[in-house]
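Let me begin by presenting the structure, written as structure tokens, before commenting on it.
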Amino acid sequence: MGRVAQGGTKKWCPTCQSINVCAAVNPSSLGEESEQRWYQKDHTDIQWFRRALVCLECGSSWLTAELPESFLDELVELRDALREIKENAEIYVNESDKASETLKKLSASLSVLRALNAYKKE
Ligand SMILES: [Zn+2]
């Protein structure tokens with residue numbers, strides 16, 4: 001995991017996919033509530049300061065959240081864990097398909113055995 005420090009007041013514009021000069025504006029100018037302190041109702045440890053930014057290059061605007069950097073570490077950790085779970089789930093599905101085929105064959109063999117046993121009893 002790596003972080004890259006960047007100086008200056010330029011910000012990453014998600015539309016331009018590059019670092020440009022961005023103006024900070026009140027969220028109300030984007031039609032959002034002007035309240036700047038927010039928290040998640042079900043996760044009250046997640047509290048952030050909301051800002052609205054406007055890219056002076058392309059004019060697009062978006063909301064940003066200032067919050068403890070540890071949440072970014074958690075996000076990256078969760079993304080990695082989720083990717084691992086997805087990869088493993090695909091392997092398990094493939095293996096389970098194979099196992100299911102094997103069980104069908106076993107079941108067929110057992111049917112043959114039962115038929116043989118039934119025959120012997122007579
Ligand atoms: Zn832009």
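Within each chain, counting starts at residue 1; across the structure tokens, chains are named A, B, ... in the order shown, with ligands numbered 1 upward in that order.
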
Practice item. Write as a VMD selection string the residues around ligand 1, taking 6 Å as the cut-off and counting only C-alpha atoms and all ligand atoms. Key: chain A and resid 13 15 to 16 55 57 to 58 60

Mind dumping the selected residues with N, CA and C atoms as a PDB file, in the first residue's frame?
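Listed below is the output, again.pdb:
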```pdb
ATOM      1  N   CYS A  13      -9.299  15.993 -10.169  1.00  0.00           N
ATOM      2  CA  CYS A  13     -10.636  16.106 -10.749  1.00  0.00           C
ATOM      3  C   CYS A  13     -11.033  14.745 -11.303  1.00  0.00           C
ATOM      4  N   THR A  15     -13.422  13.983 -13.179  1.00  0.00           N
ATOM      5  CA  THR A  15     -13.879  14.071 -14.572  1.00  0.00           C
ATOM      6  C   THR A  15     -12.681  14.155 -15.520  1.00  0.00           C
ATOM      7  N   CYS A  16     -11.761  15.078 -15.225  1.00  0.00           N
ATOM      8  CA  CYS A  16     -10.562  15.241 -16.061  1.00  0.00           C
ATOM      9  C   CYS A  16      -9.584  14.085 -15.842  1.00  0.00           C
ATOM     10  N   CYS A  55     -14.058  22.148 -10.558  1.00  0.00           N
ATOM     11  CA  CYS A  55     -12.830  22.111 -11.357  1.00  0.00           C
ATOM     12  C   CYS A  55     -12.835  23.315 -12.292  1.00  0.00           C
ATOM     13  N   GLU A  57     -10.934  23.765 -14.693  1.00  0.00           N
ATOM     14  CA  GLU A  57     -10.564  23.316 -16.041  1.00  0.00           C
ATOM     15  C   GLU A  57     -11.804  22.901 -16.840  1.00  0.00           C
ATOM     16  N   CYS A  58     -12.632  22.011 -16.234  1.00  0.00           N
ATOM     17  CA  CYS A  58     -13.776  21.462 -16.978  1.00  0.00           C
ATOM     18  C   CYS A  58     -15.124  21.932 -16.425  1.00  0.00           C
ATOM     19  N   SER A  60     -16.764  20.823 -13.898  1.00  0.00           N
ATOM     20  CA  SER A  60     -17.560  19.831 -13.156  1.00  0.00           C
ATOM     21  C   SER A  60     -17.390  20.062 -11.655  1.00  0.00           C
TER      22      SER A  60
END
```

Closest atom pairs, residues of range 59-114 of chain A within 8 Å of range 22-46 of chain A, only C-alpha atoms, as CSV:
```
residue,atom,partner,partner_atom,distance
A:Ser61,CA,A:Leu30,CA,7.7
A:Leu63,CA,A:Pro27,CA,7.2
A:Leu67,CA,A:Ile46,CA,7.7
```

Go ahead and write the selection's residues with C-alpha atoms as a compact mmCIF listing (two decimals), in the first residue's frame.
```txt
# COMPACT_ATOMS: atom_id res chain seq x y z
CA SER A 61 -18.39 19.88 -9.46
CA LEU A 63 -18.72 16.81 -3.01
CA LEU A 67 -12.32 12.41 7.36
```

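The spacing separating CA of Ile91 in chain A from CA of Ser109 in chain A amounts to 27.2 Å.
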
Check your understanding: Using the chain letters and numbers from this document, which residues of chain A does DSSP assign to strand (DSSP E or B), as number ranges by chain?
Key -> A: 10-13, 18-25, 37-40, 43-55, 61-66

Produce a file of the selected residues containing C-alpha atoms, as a PDB file, in the first residue's frame.
```pdb
ATOM      1  CA  LYS A  10      -4.597  21.732  -6.829  1.00  0.00           C
ATOM      2  CA  LYS A  11      -6.996  18.814  -6.510  1.00  0.00           C
ATOM      3  CA  TRP A  12      -7.731  15.588  -8.364  1.00  0.00           C
ATOM      4  CA  CYS A  13     -10.636  16.106 -10.749  1.00  0.00           C
ATOM      5  CA  SER A  18      -5.958  14.827 -13.608  1.00  0.00           C
ATOM      6  CA  ILE A  19      -4.865  17.354 -11.017  1.00  0.00           C
ATOM      7  CA  ASN A  20      -6.288  20.821 -11.656  1.00  0.00           C
ATOM      8  CA  VAL A  21      -6.981  24.020  -9.802  1.00  0.00           C
ATOM      9  CA  CYS A  22     -10.348  23.604  -8.086  1.00  0.00           C
ATOM     10  CA  ALA A  23     -12.448  26.178  -6.264  1.00  0.00           C
ATOM     11  CA  ALA A  24     -14.047  25.251  -2.933  1.00  0.00           C
ATOM     12  CA  VAL A  25     -17.673  26.354  -2.853  1.00  0.00           C
ATOM     13  CA  ARG A  37     -20.588  18.370   9.483  1.00  0.00           C
ATOM     14  CA  TRP A  38     -21.970  14.929   8.644  1.00  0.00           C
ATOM     15  CA  TYR A  39     -22.001  11.455  10.141  1.00  0.00           C
ATOM     16  CA  GLN A  40     -23.354   8.043   9.215  1.00  0.00           C
ATOM     17  CA  HIS A  43     -21.786   4.132  11.833  1.00  0.00           C
ATOM     18  CA  THR A  44     -21.447   7.110  14.132  1.00  0.00           C
ATOM     19  CA  ASP A  45     -17.648   6.737  14.193  1.00  0.00           C
ATOM     20  CA  ILE A  46     -17.704   7.891  10.564  1.00  0.00           C
ATOM     21  CA  GLN A  47     -17.868  11.666  10.808  1.00  0.00           C
ATOM     22  CA  TRP A  48     -16.696  13.981   8.083  1.00  0.00           C
ATOM     23  CA  PHE A  49     -16.523  17.559   6.915  1.00  0.00           C
ATOM     24  CA  ARG A  50     -18.218  18.136   3.579  1.00  0.00           C
ATOM     25  CA  ARG A  51     -16.954  20.492   0.905  1.00  0.00           C
ATOM     26  CA  ALA A  52     -17.998  21.124  -2.659  1.00  0.00           C
ATOM     27  CA  LEU A  53     -15.327  21.552  -5.318  1.00  0.00           C
ATOM     28  CA  VAL A  54     -15.520  22.976  -8.817  1.00  0.00           C
ATOM     29  CA  CYS A  55     -12.830  22.111 -11.357  1.00  0.00           C
ATOM     30  CA  SER A  61     -18.389  19.880  -9.461  1.00  0.00           C
ATOM     31  CA  TRP A  62     -18.526  17.236  -6.752  1.00  0.00           C
ATOM     32  CA  LEU A  63     -18.719  16.809  -3.006  1.00  0.00           C
ATOM     33  CA  THR A  64     -15.697  15.844  -0.948  1.00  0.00           C
ATOM     34  CA  ALA A  65     -15.506  14.491   2.573  1.00  0.00           C
ATOM     35  CA  GLU A  66     -12.689  15.319   4.946  1.00  0.00           C
TER      36      GLU A  66
END
```

Check your understanding: Got a sec to tell me which of range 7-103 of chain A DSSP assigns to alpha helix (DSSP H), as a PyMOL selection string?
Key -> chain A and resi 70-103

Exercise for review: Would you list the contacts of Val76 in chain A as a VMD selection string, taking every protein, DNA or RNA residue within 12 Å and counting only C-alpha atoms, but skipping same-chain residues closer than 5 positions in sequence?
Suggested key: chain A and resid 1 to 3 69 to 71 81 to 83
